[in-house]
file input.pdb (PDB, C-alpha atoms)
ATOM      1  CA  MET R  22     110.053 120.429  75.632
ATOM      2  CA  THR R  23     107.416 121.699  73.261
ATOM      3  CA  SER R  24     108.200 122.495  69.677
ATOM      4  CA  THR R  25     106.325 125.244  67.929
ATOM      5  CA  LEU R  26     106.167 125.764  64.209
ATOM      6  CA  ILE R  27     105.301 129.193  62.917
ATOM      7  CA  HIS R  28     104.032 128.499  59.424
ATOM      8  CA  ILE R  29     103.982 131.637  57.303
ATOM      9  CA  VAL R  30     101.622 131.129  54.367
ATOM     10  CA  SER R  31     100.427 134.686  53.681
ATOM     11  CA  ALA R  32     102.154 137.587  52.000
ATOM     12  CA  PRO R  33     103.898 140.158  54.230
ATOM     13  CA  THR R  34     101.701 142.237  56.512
ATOM     14  CA  PRO R  35     102.424 145.940  57.165
ATOM     15  CA  GLU R  36     103.620 145.098  60.677
ATOM     16  CA  PRO R  37     105.780 141.975  60.983
ATOM     17  CA  GLU R  38     103.542 140.513  63.673
ATOM     18  CA  PRO R  39     103.873 136.860  62.654
ATOM     19  CA  LEU R  40     107.651 137.153  62.938
ATOM     20  CA  GLU R  41     107.403 139.047  66.202
ATOM     21  CA  LEU R  42     105.495 136.153  67.705
ATOM     22  CA  ALA R  43     108.272 133.783  66.648
ATOM     23  CA  MET R  44     110.905 136.070  68.177
ATOM     24  CA  ALA R  45     108.955 136.407  71.392
ATOM     25  CA  LEU R  46     108.491 132.661  71.835
ATOM     26  CA  ALA R  47     112.204 132.168  71.226
ATOM     27  CA  ALA R  48     112.987 134.928  73.729
ATOM     28  CA  PHE R  49     111.096 132.892  76.320
ATOM     29  CA  ASP R  50     113.232 129.846  75.553
ATOM     30  CA  LEU R  51     110.682 127.930  73.517
ATOM     31  CA  PRO R  52     112.155 126.136  70.506
ATOM     32  CA  VAL R  53     110.688 127.757  67.414
ATOM     33  CA  THR R  54     110.865 126.658  63.809
ATOM     34  CA  LEU R  55     109.739 128.854  60.947
ATOM     35  CA  LEU R  56     108.447 127.548  57.666
ATOM     36  CA  PHE R  57     107.618 129.782  54.737
ATOM     37  CA  SER R  58     105.372 128.468  52.005
ATOM     38  CA  GLY R  59     102.799 129.691  49.505
ATOM     39  CA  ALA R  60     102.641 133.475  49.328
ATOM     40  CA  GLY R  61     104.532 133.444  52.636
ATOM     41  CA  VAL R  62     107.781 133.106  50.676
ATOM     42  CA  LEU R  63     107.387 136.768  49.691
ATOM     43  CA  TRP R  64     108.605 137.647  53.206
ATOM     44  CA  LEU R  65     112.008 136.417  52.045
ATOM     45  CA  LYS R  66     112.273 138.667  48.989
ATOM     46  CA  GLN R  67     115.486 140.538  49.691
ATOM     47  CA  ASP R  68     114.610 143.791  47.972
ATOM     48  CA  LEU R  69     111.145 144.183  49.460
ATOM     49  CA  LYS R  70     110.685 147.631  50.976
ATOM     50  CA  ALA R  71     108.551 148.539  53.968
ATOM     51  CA  LEU R  72     104.844 148.377  53.150
ATOM     52  CA  PHE R  73     104.227 151.920  54.332
ATOM     53  CA  GLU R  74     106.265 155.083  54.792
ATOM     54  CA  GLY R  75     108.476 154.714  57.842
ATOM     55  CA  GLY R  76     107.507 151.054  58.246
ATOM     56  CA  LYS R  77     109.756 148.078  58.752
ATOM     57  CA  ALA R  78     111.183 146.289  55.730
ATOM     58  CA  PRO R  79     110.329 142.568  55.904
ATOM     59  CA  SER R  80     113.810 141.652  54.687
ATOM     60  CA  ARG R  81     115.434 143.395  57.660
ATOM     61  CA  ILE R  82     113.217 141.667  60.184
ATOM     62  CA  ILE R  83     113.966 138.349  58.494
ATOM     63  CA  LYS R  84     117.668 139.109  58.827
ATOM     64  CA  ALA R  85     117.132 139.775  62.533
ATOM     65  CA  LEU R  86     115.579 136.355  63.199
ATOM     66  CA  PRO R  87     118.870 134.566  63.937
ATOM     67  CA  MET R  88     119.775 137.375  66.367
ATOM     68  CA  TYR R  89     116.533 136.614  68.191
ATOM     69  CA  ASP R  90     117.324 132.909  68.550
ATOM     70  CA  CYS R  91     115.148 131.829  65.635
ATOM     71  CA  GLU R  92     117.663 129.699  63.789
ATOM     72  CA  GLU R  93     115.506 126.930  62.371
ATOM     73  CA  LEU R  94     114.321 128.590  59.194
ATOM     74  CA  TYR R  95     112.915 126.700  56.231
ATOM     75  CA  VAL R  96     111.230 127.549  52.983
ATOM     76  CA  CYS R  97     109.266 125.293  50.651
ATOM     77  CA  GLU R  98     111.295 125.176  47.438
ATOM     78  CA  THR R  99     108.228 124.542  45.288
ATOM     79  CA  SER R 100     106.689 127.790  46.525
ATOM     80  CA  LEU R 101     109.989 129.612  46.056
ATOM     81  CA  ALA R 102     110.121 128.487  42.442
ATOM     82  CA  ARG R 103     106.505 129.463  41.848
ATOM     83  CA  PHE R 104     107.308 133.005  42.907
ATOM     84  CA  GLY R 105     110.655 133.003  41.106
ATOM     85  CA  LEU R 106     112.582 133.703  44.299
ATOM     86  CA  GLN R 107     115.107 130.850  44.218
ATOM     87  CA  ASP R 108     117.960 133.347  44.056
ATOM     88  CA  ASN R 109     116.316 136.077  46.084
ATOM     89  CA  LYS R 110     116.255 134.789  49.633
ATOM     90  CA  PRO R 111     118.655 134.918  52.587
ATOM     91  CA  ALA R 112     121.193 132.104  52.650
ATOM     92  CA  PHE R 113     120.350 131.165  56.230
ATOM     93  CA  VAL R 114     116.828 130.078  55.235
ATOM     94  CA  ALA R 115     117.074 126.472  54.090
ATOM     95  CA  PRO R 116     115.004 125.316  51.113
ATOM     96  CA  VAL R 117     113.141 122.041  51.680
ATOM     97  CA  SER R 118     110.960 119.921  49.423
ATOM     98  CA  ALA R 119     107.182 120.188  49.695
ATOM     99  CA  GLU R 120     107.223 116.778  51.327
ATOM    100  CA  ALA R 121     109.791 117.791  53.941
ATOM    101  CA  ALA R 122     107.759 120.949  54.593
ATOM    102  CA  ARG R 123     104.721 118.800  55.289
ATOM    103  CA  ASP R 124     106.787 116.662  57.665
ATOM    104  CA  LEU R 125     107.775 119.774  59.615
ATOM    105  CA  VAL R 126     104.114 120.562  60.163
ATOM    106  CA  VAL R 127     103.334 117.014  61.234
ATOM    107  CA  ALA R 128     106.323 116.812  63.585
ATOM    108  CA  SER R 129     105.626 120.026  65.466
ATOM    109  CA  GLN R 130     103.623 119.869  68.653
ATOM    110  CA  HIS R 131     102.030 123.249  68.071
ATOM    111  CA  CYS R 132     101.571 124.961  64.755
ATOM    112  CA  LEU R 133     100.549 128.575  64.322
ATOM    113  CA  ARG R 134      99.722 129.722  60.826
ATOM    114  CA  PHE R 135      99.833 133.269  59.547
TER     115      PHE R 135
ATOM    116  CA  MET Y   3     124.064 173.026  77.091
ATOM    117  CA  THR Y   4     121.107 173.257  79.467
ATOM    118  CA  HIS Y   5     118.034 171.150  79.995
ATOM    119  CA  SER Y   6     115.856 173.705  78.319
ATOM    120  CA  THR Y   7     117.302 172.700  74.955
ATOM    121  CA  LEU Y   8     116.428 169.023  75.354
ATOM    122  CA  PRO Y   9     113.998 168.042  72.580
ATOM    123  CA  PRO Y  10     110.605 166.650  73.649
ATOM    124  CA  VAL Y  11     110.636 163.224  75.272
ATOM    125  CA  ASP Y  12     107.752 160.966  76.227
ATOM    126  CA  LYS Y  13     106.778 159.856  79.704
ATOM    127  CA  ASP Y  14     109.507 157.217  79.765
ATOM    128  CA  GLY Y  15     112.174 159.594  78.536
ATOM    129  CA  PHE Y  16     112.308 158.398  74.912
ATOM    130  CA  LEU Y  17     112.646 161.047  72.204
ATOM    131  CA  VAL Y  18     109.301 161.901  70.650
ATOM    132  CA  ASN Y  19     110.994 162.637  67.310
ATOM    133  CA  LEU Y  20     113.870 160.263  66.734
ATOM    134  CA  ALA Y  21     115.307 162.743  64.214
ATOM    135  CA  ASP Y  22     116.049 165.101  67.122
ATOM    136  CA  TRP Y  23     118.911 162.874  68.202
ATOM    137  CA  THR Y  24     122.413 164.354  68.235
ATOM    138  CA  PRO Y  25     125.466 163.379  70.289
ATOM    139  CA  GLU Y  26     124.733 166.382  72.525
ATOM    140  CA  VAL Y  27     121.163 165.210  73.061
ATOM    141  CA  ALA Y  28     122.577 161.802  73.995
ATOM    142  CA  GLN Y  29     124.756 163.452  76.648
ATOM    143  CA  GLN Y  30     121.713 165.117  78.125
ATOM    144  CA  LEU Y  31     119.560 162.006  78.013
ATOM    145  CA  ALA Y  32     122.366 160.151  79.770
ATOM    146  CA  LEU Y  33     122.796 162.848  82.402
ATOM    147  CA  ALA Y  34     119.104 162.571  83.216
ATOM    148  CA  ASP Y  35     119.965 159.021  84.296
ATOM    149  CA  ASN Y  36     123.150 160.114  86.070
ATOM    150  CA  ILE Y  37     125.368 158.592  83.406
ATOM    151  CA  GLU Y  38     128.472 160.371  82.183
ATOM    152  CA  LEU Y  39     129.102 159.075  78.660
ATOM    153  CA  THR Y  40     132.563 157.584  78.188
ATOM    154  CA  PRO Y  41     134.133 156.106  75.023
ATOM    155  CA  GLU Y  42     132.924 152.712  76.276
ATOM    156  CA  HIS Y  43     129.365 154.011  76.316
ATOM    157  CA  TRP Y  44     129.736 155.476  72.842
ATOM    158  CA  GLU Y  45     130.971 152.179  71.487
ATOM    159  CA  ILE Y  46     127.746 150.497  72.638
ATOM    160  CA  ILE Y  47     125.594 153.405  71.459
ATOM    161  CA  GLU Y  48     127.100 153.088  67.987
ATOM    162  CA  GLN Y  49     126.396 149.361  67.996
ATOM    163  CA  LEU Y  50     122.803 149.985  69.060
ATOM    164  CA  GLN Y  51     122.346 152.421  66.207
ATOM    165  CA  ALA Y  52     123.967 150.013  63.758
ATOM    166  CA  PHE Y  53     121.613 147.261  64.944
ATOM    167  CA  TYR Y  54     118.651 149.526  64.328
ATOM    168  CA  ARG Y  55     119.864 150.483  60.849
ATOM    169  CA  GLU Y  56     120.443 146.874  59.954
ATOM    170  CA  PHE Y  57     117.281 145.284  61.362
ATOM    171  CA  ASP Y  58     114.742 148.101  61.898
ATOM    172  CA  LEU Y  59     114.425 146.926  65.494
ATOM    173  CA  SER Y  60     115.452 148.215  68.895
ATOM    174  CA  PRO Y  61     117.227 145.208  70.334
ATOM    175  CA  ALA Y  62     116.231 143.586  73.603
ATOM    176  CA  MET Y  63     118.966 142.324  75.873
ATOM    177  CA  ARG Y  64     119.575 138.968  74.231
ATOM    178  CA  PRO Y  65     119.842 140.051  70.596
ATOM    179  CA  LEU Y  66     121.911 143.041  71.663
ATOM    180  CA  SER Y  67     124.295 140.800  73.500
ATOM    181  CA  LYS Y  68     124.500 138.434  70.532
ATOM    182  CA  TYR Y  69     125.217 141.343  68.216
ATOM    183  CA  LEU Y  70     127.896 142.812  70.473
ATOM    184  CA  LYS Y  71     129.521 139.434  70.826
ATOM    185  CA  ALA Y  72     129.803 139.160  67.056
ATOM    186  CA  ASN Y  73     131.133 142.697  66.616
ATOM    187  CA  LEU Y  74     133.100 143.574  69.752
ATOM    188  CA  GLY Y  75     133.863 140.215  71.308
ATOM    189  CA  PRO Y  76     132.452 138.355  74.304
ATOM    190  CA  GLU Y  77     133.728 140.665  77.096
ATOM    191  CA  LYS Y  78     131.719 143.587  75.848
ATOM    192  CA  ALA Y  79     128.635 141.459  75.313
ATOM    193  CA  SER Y  80     128.316 140.262  78.900
ATOM    194  CA  SER Y  81     125.391 141.461  80.987
ATOM    195  CA  ILE Y  82     127.755 142.468  83.762
ATOM    196  CA  TYR Y  83     129.682 144.762  81.445
ATOM    197  CA  LEU Y  84     126.495 146.273  80.019
ATOM    198  CA  LEU Y  85     124.886 146.696  83.422
ATOM    199  CA  LYS Y  86     127.937 148.612  84.583
ATOM    200  CA  LEU Y  87     127.578 151.047  81.691
ATOM    201  CA  PHE Y  88     123.798 151.243  81.643
ATOM    202  CA  PRO Y  89     122.541 150.246  85.089
ATOM    203  CA  GLY Y  90     119.133 148.672  85.519
ATOM    204  CA  SER Y  91     117.940 147.763  82.073
ATOM    205  CA  PRO Y  92     120.814 148.147  79.584
ATOM    206  CA  ALA Y  93     118.798 147.490  76.413
ATOM    207  CA  LYS Y  94     116.088 149.979  77.319
ATOM    208  CA  LEU Y  95     118.375 152.648  78.704
ATOM    209  CA  GLY Y  96     120.839 152.227  75.863
ATOM    210  CA  ALA Y  97     118.054 152.541  73.283
ATOM    211  CA  ARG Y  98     116.839 155.711  74.954
ATOM    212  CA  ILE Y  99     120.253 157.354  74.933
ATOM    213  CA  ALA Y 100     121.019 156.156  71.406
ATOM    214  CA  GLY Y 101     117.813 157.731  70.106
ATOM    215  CA  LEU Y 102     116.136 154.454  69.175
ATOM    216  CA  PRO Y 103     112.447 153.687  69.641
ATOM    217  CA  ARG Y 104     111.469 151.942  72.840
ATOM    218  CA  PRO Y 105     112.144 148.188  72.475
ATOM    219  CA  GLU Y 106     108.828 146.392  71.818
ATOM    220  CA  ASN Y 107     107.069 145.295  74.956
ATOM    221  CA  CYS Y 108     107.608 141.612  74.460
ATOM    222  CA  LEU Y 109     110.921 141.472  72.656
TER     223      LEU Y 109
ATOM    224  CA  MET O   2      83.138 130.959  71.111
ATOM    225  CA  ASP O   3      81.098 127.884  70.263
ATOM    226  CA  PHE O   4      84.387 126.012  70.251
ATOM    227  CA  ALA O   5      85.250 127.397  73.691
ATOM    228  CA  ARG O   6      81.925 126.222  75.094
ATOM    229  CA  ALA O   7      82.296 122.831  73.433
ATOM    230  CA  ILE O   8      85.697 122.398  75.059
ATOM    231  CA  TYR O   9      84.201 122.811  78.490
ATOM    232  CA  ARG O  10      81.191 120.651  77.672
ATOM    233  CA  SER O  11      83.516 117.818  76.760
ATOM    234  CA  GLY O  12      85.429 118.052  80.006
ATOM    235  CA  HIS O  13      88.516 120.001  78.884
ATOM    236  CA  CYS O  14      89.480 123.498  79.857
ATOM    237  CA  LEU O  15      90.946 126.568  78.274
ATOM    238  CA  ASN O  16      94.236 127.948  79.551
ATOM    239  CA  ARG O  17      93.321 131.298  78.001
ATOM    240  CA  VAL O  18      92.108 132.992  74.847
ATOM    241  CA  PHE O  19      94.833 135.118  73.341
ATOM    242  CA  PHE O  20      93.989 137.784  70.772
ATOM    243  CA  TYR O  21      96.695 138.592  68.236
ATOM    244  CA  GLN O  22      96.871 140.895  65.192
ATOM    245  CA  ASP O  23      93.443 142.229  64.147
ATOM    246  CA  ALA O  24      91.723 139.921  66.626
ATOM    247  CA  VAL O  25      92.536 142.446  69.357
ATOM    248  CA  LEU O  26      89.738 144.570  67.893
ATOM    249  CA  CYS O  27      87.255 142.091  69.393
ATOM    250  CA  ALA O  28      87.729 143.872  72.699
ATOM    251  CA  ASN O  29      86.910 147.346  71.404
ATOM    252  CA  THR O  30      84.229 148.805  73.640
ATOM    253  CA  ARG O  31      83.434 151.465  71.069
ATOM    254  CA  ILE O  32      82.200 148.983  68.508
ATOM    255  CA  GLN O  33      78.424 149.202  68.330
ATOM    256  CA  ALA O  34      76.770 145.937  67.379
ATOM    257  CA  PRO O  35      73.916 146.245  64.892
ATOM    258  CA  GLN O  36      70.540 146.261  66.592
ATOM    259  CA  GLY O  37      69.469 142.824  67.655
ATOM    260  CA  GLN O  38      73.017 141.454  67.734
ATOM    261  CA  ALA O  39      75.144 140.937  70.808
ATOM    262  CA  GLY O  40      78.445 142.824  70.851
ATOM    263  CA  ILE O  41      81.425 140.525  70.411
ATOM    264  CA  ALA O  42      83.307 141.963  73.391
ATOM    265  CA  ASP O  43      80.309 141.410  75.682
ATOM    266  CA  ALA O  44      79.806 137.903  74.366
ATOM    267  CA  TRP O  45      83.437 136.984  75.074
ATOM    268  CA  ALA O  46      83.303 138.590  78.491
ATOM    269  CA  GLN O  47      80.231 136.600  79.367
ATOM    270  CA  CYS O  48      81.662 133.326  78.106
ATOM    271  CA  ALA O  49      84.949 133.883  79.946
ATOM    272  CA  GLY O  50      83.107 134.804  83.122
ATOM    273  CA  GLU O  51      80.994 131.684  82.911
ATOM    274  CA  TYR O  52      83.948 129.310  82.602
ATOM    275  CA  GLY O  53      86.687 131.352  84.223
ATOM    276  CA  PHE O  54      89.373 131.651  81.542
ATOM    277  CA  PRO O  55      91.411 134.834  80.895
ATOM    278  CA  LEU O  56      90.981 136.995  77.817
ATOM    279  CA  GLN O  57      94.326 138.458  76.815
ATOM    280  CA  LEU O  58      95.288 140.868  74.065
ATOM    281  CA  CYS O  59      98.828 141.190  72.762
ATOM    282  CA  ILE O  60      99.717 144.605  74.122
ATOM    283  CA  ALA O  61     101.913 145.675  71.195
ATOM    284  CA  ASN O  62      99.302 144.637  68.613
ATOM    285  CA  ALA O  63      96.584 146.335  70.637
ATOM    286  CA  ILE O  64      98.368 149.652  71.010
ATOM    287  CA  ARG O  65      99.098 149.771  67.277
ATOM    288  CA  ARG O  66      95.370 149.559  66.685
ATOM    289  CA  GLY O  67      94.307 152.149  69.220
ATOM    290  CA  MET O  68      93.311 149.581  71.811
ATOM    291  CA  VAL O  69      94.354 150.814  75.247
ATOM    292  CA  ASN O  70      93.276 150.155  78.803
ATOM    293  CA  GLU O  71      93.313 152.803  81.537
ATOM    294  CA  GLN O  72      97.003 152.354  82.229
ATOM    295  CA  GLU O  73      98.120 152.662  78.584
ATOM    296  CA  ASN O  74      95.643 155.467  78.028
ATOM    297  CA  GLU O  75      97.491 157.311  80.756
ATOM    298  CA  ARG O  76     100.926 156.458  79.357
ATOM    299  CA  TYR O  77     100.163 157.716  75.871
ATOM    300  CA  GLN O  78      97.966 160.533  77.088
ATOM    301  CA  LEU O  79      94.968 159.546  74.962
ATOM    302  CA  ASP O  80      91.352 160.485  75.414
ATOM    303  CA  GLY O  81      90.029 157.341  77.030
ATOM    304  CA  ALA O  82      90.392 153.597  77.315
ATOM    305  CA  THR O  83      89.007 151.390  74.554
ATOM    306  CA  VAL O  84      89.682 148.124  76.380
ATOM    307  CA  VAL O  85      87.939 147.274  79.642
ATOM    308  CA  GLU O  86      87.977 144.296  81.960
ATOM    309  CA  PRO O  87      87.882 141.354  81.775
ATOM    310  CA  PHE O  88      90.131 141.876  78.707
ATOM    311  CA  GLU O  89      93.771 142.309  79.699
ATOM    312  CA  LEU O  90      96.733 143.703  77.761
ATOM    313  CA  CYS O  91      99.619 141.258  77.996
ATOM    314  CA  GLY O  92     103.081 140.655  76.686
ATOM    315  CA  LEU O  93     103.855 137.718  74.454
ATOM    316  CA  GLY O  94     105.424 136.038  77.471
ATOM    317  CA  GLU O  95     101.853 135.084  78.338
ATOM    318  CA  MET O  96     101.502 133.447  74.944
ATOM    319  CA  ALA O  97     104.795 131.629  75.460
ATOM    320  CA  GLU O  98     103.539 130.384  78.810
ATOM    321  CA  ALA O  99     100.288 129.218  77.237
ATOM    322  CA  VAL O 100     102.167 127.374  74.507
ATOM    323  CA  SER O 101     104.361 125.574  76.999
ATOM    324  CA  GLN O 102     101.501 124.695  79.376
ATOM    325  CA  SER O 103      98.875 123.519  76.922
ATOM    326  CA  ASP O 104      98.337 120.200  75.187
ATOM    327  CA  ARG O 105      96.898 121.983  72.192
ATOM    328  CA  VAL O 106      97.083 125.446  70.738
ATOM    329  CA  VAL O 107      94.103 126.112  68.510
ATOM    330  CA  GLN O 108      94.150 129.097  66.214
ATOM    331  CA  PHE O 109      91.208 130.843  64.560
TER     332      PHE O 109
END
call {"tool": "encode", "arguments": {"input": "input.pdb", "output": "structure tokens"}}
result
Amino acid sequence: MTSTLIHIVSAPTPEPEPLELAMALAAFDLPVTLLFSGAGVLWLKQDLKALFEGGKAPSRIIKALPMYDCEELYVCETSLARFGLQDNKPAFVAPVSAEAARDLVVASQHCLRF
Amino acid sequence: MTHSTLPPVDKDGFLVNLADWTPEVAQQLALADNIELTPEHWEIIEQLQAFYREFDLSPAMRPLSKYLKANLGPEKASSIYLLKLFPGSPAKLGARIAGLPRPENCL
Amino acid sequence: MDFARAIYRSGHCLNRVFFYQDAVLCANTRIQAPQGQAGIADAWAQCAGEYGFPLQLCIANAIRRGMVNEQENERYQLDGATVVEPFELCGLGEMAEAVSQSDRVVQF
């Protein structure tokens, strides 16, 4: 079985396309792990509104991930701290050390970065 | 209520303006698919709308089923149950009647 | 595209090229290349034709950016297709299949 890591390193995009890819792969029974680091941790900011009028709020799509069978969710704690979001992220996203984050990348068979 | 009062829908029968949705519109949308809405239907419609409010997404079958299981219990989350209420493609048909956007192509 | 050619030159093959997010715009037939430059859509089409790999656009990403083929043009009642063959509009199931079939997924 292949393992795919979706590594989110960039700030939220107007459409949650990186997350949609993760959900789609999971919907087709591929094991998916998500890792947020760098500016990517901003996706987790709970009070972030949609980026345009009528758009989707990143925080709601993040909340939907477990519903879409994306249950392996990690965030680099160093990045979290840099953006001051230690206490502003969903509980189901597990903080990991920068070293453990690197190991996730190394251990995955495929890695897609957004 | 007659068909002439049905707000505009697209080629696949989804409301063009989601704000046009009312319970009466839902009845009409359902009738167009030969479905008579029962309390069991309404229970699912409410869950679909709650899902949309919570996640900004029209659920596909699997997330819908997961959501229903958490909120209404496993019997009402089974595909057989949902197919009985909304024959064919429950997530798509349910979304249409509940006034949600069309579920994304791939989800 | 150089990478695609190099893959074939070294005896490997491409399962497909999948265009996601803004990359779907590569297939836009209305983009006019500056004089003296080859259009990117034509260049991909030629490369894919030469080696025989599919060119697939994520359909949801494409439609959001006004990229439609004949069929979607019809569905949304627009004024003409912006995507032509050999580019295809596909669901992410195709991407999932590619991920599970391939030794490597390379992203640009």
call {"tool": "resolve_selection", "arguments": {"input": "input.pdb", "expression": "the PyMOL selection byres ((chain R and resi 129) around 6)", "output": "list of chain:residue names"}}
result
R:Ser24, R:Thr25, R:Leu26, R:Val126, R:Val127, R:Ala128, R:Gln130, R:His131
call {"tool": "atom_distance", "arguments": {"input": "input.pdb", "atom1": "CA of Asp14 (chain Y)", "atom2": "CA of Gln30 (chain Y)"}}
result
14.6 Å
call {"tool": "resolve_selection", "arguments": {"input": "input.pdb", "expression": "the PyMOL selection byres ((chain O and resi 65) around 12)", "output": "list in words"}}
result
Pro35, Glu36 and Glu38 of chain R; Glu106 and Asn107 of chain Y; Tyr21, Gln22, Asp23, Val25, Leu26, Leu58, Cys59, Ile60, Ala61, Asn62, Ala63, Ile64, Arg66, Gly67, Met68, Val69, Glu73 and Tyr77 of chain O
call {"tool": "closest_residue", "arguments": {"input": "input.pdb", "among": "O:Gln78, O:Gln108, O:Ser101, O:Gln57", "to": "Cys27 (chain O)", "atoms": "all atoms listed in the file"}}
result
O:Gln57
call {"tool": "closest_residue", "arguments": {"input": "input.pdb", "among": "O:Arg17, O:Arg105, O:Arg10, O:Arg31", "to": "chain R", "atoms": "only C-alpha atoms"}}
result
O:Arg105
call {"tool": "closest_residue", "arguments": {"input": "input.pdb", "among": "Y:Pro25, Y:Gly75, Y:Pro41, Y:Pro65", "to": "Pro87 (chain R)", "atoms": "all atoms listed in the file"}}
result
Y:Pro65
call {"tool": "interface_residues", "arguments": {"input": "input.pdb", "of": "chain O", "to": "chain Y", "cutoff": "7 Å", "atoms": "all atoms listed in the file", "output": "PyMOL selection string"}}
result
chain O and resi 61+76+92-94
call {"tool": "atom_distance", "arguments": {"input": "input.pdb", "atom1": "CA of Ala24 (chain O)", "atom2": "CA of Pro103 (chain Y)"}}
result
25.1 Å
call {"tool": "closest_residue", "arguments": {"input": "input.pdb", "among": "O:Ala97, O:Ala82, O:Asp104, O:Phe20", "to": "chain R", "atoms": "all atoms listed in the file"}}
result
O:Ala97
call {"tool": "atom_distance", "arguments": {"input": "input.pdb", "atom1": "CA of Ser67 (chain Y)", "atom2": "CA of Leu85 (chain Y)"}}
result
11.6 Å
call {"tool": "closest_atom_pairs", "arguments": {"input": "input.pdb", "of": "chain Y", "to": "chain R", "cutoff": "8 Å", "atoms": "all atoms listed in the file", "output": "JSON lines"}}
result
{"residue": "Y:Glu56", "atom": "CA", "partner": "R:Arg81", "partner_atom": "CA", "distance": 6.5}
{"residue": "Y:Phe57", "atom": "CA", "partner": "R:Arg81", "partner_atom": "CA", "distance": 4.5}
{"residue": "Y:Asp58", "atom": "CA", "partner": "R:Lys77", "partner_atom": "CA", "distance": 5.9}
{"residue": "Y:Leu59", "atom": "CA", "partner": "R:Ile82", "partner_atom": "CA", "distance": 7.6}
{"residue": "Y:Arg64", "atom": "CA", "partner": "R:Tyr89", "partner_atom": "CA", "distance": 7.2}
{"residue": "Y:Pro65", "atom": "CA", "partner": "R:Met88", "partner_atom": "CA", "distance": 5.0}
{"residue": "Y:Lys68", "atom": "CA", "partner": "R:Met88", "partner_atom": "CA", "distance": 6.4}
{"residue": "Y:Tyr69", "atom": "CA", "partner": "R:Met88", "partner_atom": "CA", "distance": 7.0}
{"residue": "Y:Cys108", "atom": "CA", "partner": "R:Ala45", "partner_atom": "CA", "distance": 6.2}
{"residue": "Y:Leu109", "atom": "CA", "partner": "R:Ala45", "partner_atom": "CA", "distance": 5.6}
call {"tool": "residues_around", "arguments": {"input": "input.pdb", "residues": "Val18 (chain Y)", "least_positions_apart": "6", "cutoff": "12 Å", "atoms": "all atoms listed in the file", "output": "MDAnalysis selection string"}}
result
(chainID Y and resid 8:12 98 101:104) or (chainID O and resid 77)
call {"tool": "decode", "arguments": {"input": "input.pdb", "residues": "region 61-74 of chain R", "atoms": "N, CA and C atoms", "output": "PDB file, in the first residue's frame"}}
result
ATOM      1  N   GLY R  61       2.220  27.224   6.154  1.00  0.00           N
ATOM      2  CA  GLY R  61       1.101  26.288   6.035  1.00  0.00           C
ATOM      3  C   GLY R  61       0.300  26.154   7.317  1.00  0.00           C
ATOM      4  N   VAL R  62       0.923  26.471   8.463  1.00  0.00           N
ATOM      5  CA  VAL R  62       0.197  26.341   9.734  1.00  0.00           C
ATOM      6  C   VAL R  62      -0.972  27.335   9.813  1.00  0.00           C
ATOM      7  N   LEU R  63      -0.917  28.372   8.969  1.00  0.00           N
ATOM      8  CA  LEU R  63      -2.009  29.361   8.993  1.00  0.00           C
ATOM      9  C   LEU R  63      -3.350  28.756   8.587  1.00  0.00           C
ATOM     10  N   TRP R  64      -3.300  27.615   7.864  1.00  0.00           N
ATOM     11  CA  TRP R  64      -4.551  26.907   7.535  1.00  0.00           C
ATOM     12  C   TRP R  64      -5.300  26.521   8.812  1.00  0.00           C
ATOM     13  N   LEU R  65      -4.544  26.340   9.898  1.00  0.00           N
ATOM     14  CA  LEU R  65      -5.140  25.800  11.122  1.00  0.00           C
ATOM     15  C   LEU R  65      -5.741  26.875  12.017  1.00  0.00           C
ATOM     16  N   LYS R  66      -5.465  28.132  11.700  1.00  0.00           N
ATOM     17  CA  LYS R  66      -5.948  29.244  12.521  1.00  0.00           C
ATOM     18  C   LYS R  66      -7.477  29.172  12.567  1.00  0.00           C
ATOM     19  N   GLN R  67      -7.981  29.009  13.788  1.00  0.00           N
ATOM     20  CA  GLN R  67      -9.402  28.695  13.964  1.00  0.00           C
ATOM     21  C   GLN R  67     -10.346  29.801  13.517  1.00  0.00           C
ATOM     22  N   ASP R  68      -9.878  31.057  13.672  1.00  0.00           N
ATOM     23  CA  ASP R  68     -10.779  32.176  13.421  1.00  0.00           C
ATOM     24  C   ASP R  68     -10.569  32.787  12.037  1.00  0.00           C
ATOM     25  N   LEU R  69      -9.876  32.057  11.168  1.00  0.00           N
ATOM     26  CA  LEU R  69      -9.634  32.572   9.828  1.00  0.00           C
ATOM     27  C   LEU R  69     -10.922  32.505   9.004  1.00  0.00           C
ATOM     28  N   LYS R  70     -11.280  33.636   8.418  1.00  0.00           N
ATOM     29  CA  LYS R  70     -12.491  33.683   7.593  1.00  0.00           C
ATOM     30  C   LYS R  70     -12.155  33.283   6.150  1.00  0.00           C
ATOM     31  N   ALA R  71     -13.199  33.103   5.355  1.00  0.00           N
ATOM     32  CA  ALA R  71     -12.994  32.823   3.940  1.00  0.00           C
ATOM     33  C   ALA R  71     -12.188  33.958   3.317  1.00  0.00           C
ATOM     34  N   LEU R  72     -11.386  33.634   2.301  1.00  0.00           N
ATOM     35  CA  LEU R  72     -10.512  34.645   1.714  1.00  0.00           C
ATOM     36  C   LEU R  72     -11.233  35.564   0.739  1.00  0.00           C
ATOM     37  N   PHE R  73     -12.446  35.206   0.365  1.00  0.00           N
ATOM     38  CA  PHE R  73     -13.239  36.108  -0.466  1.00  0.00           C
ATOM     39  C   PHE R  73     -14.708  35.926  -0.097  1.00  0.00           C
ATOM     40  N   GLU R  74     -15.499  36.911  -0.452  1.00  0.00           N
ATOM     41  CA  GLU R  74     -16.926  36.919  -0.121  1.00  0.00           C
ATOM     42  C   GLU R  74     -17.598  35.643  -0.654  1.00  0.00           C
TER      43      GLU R  74
END
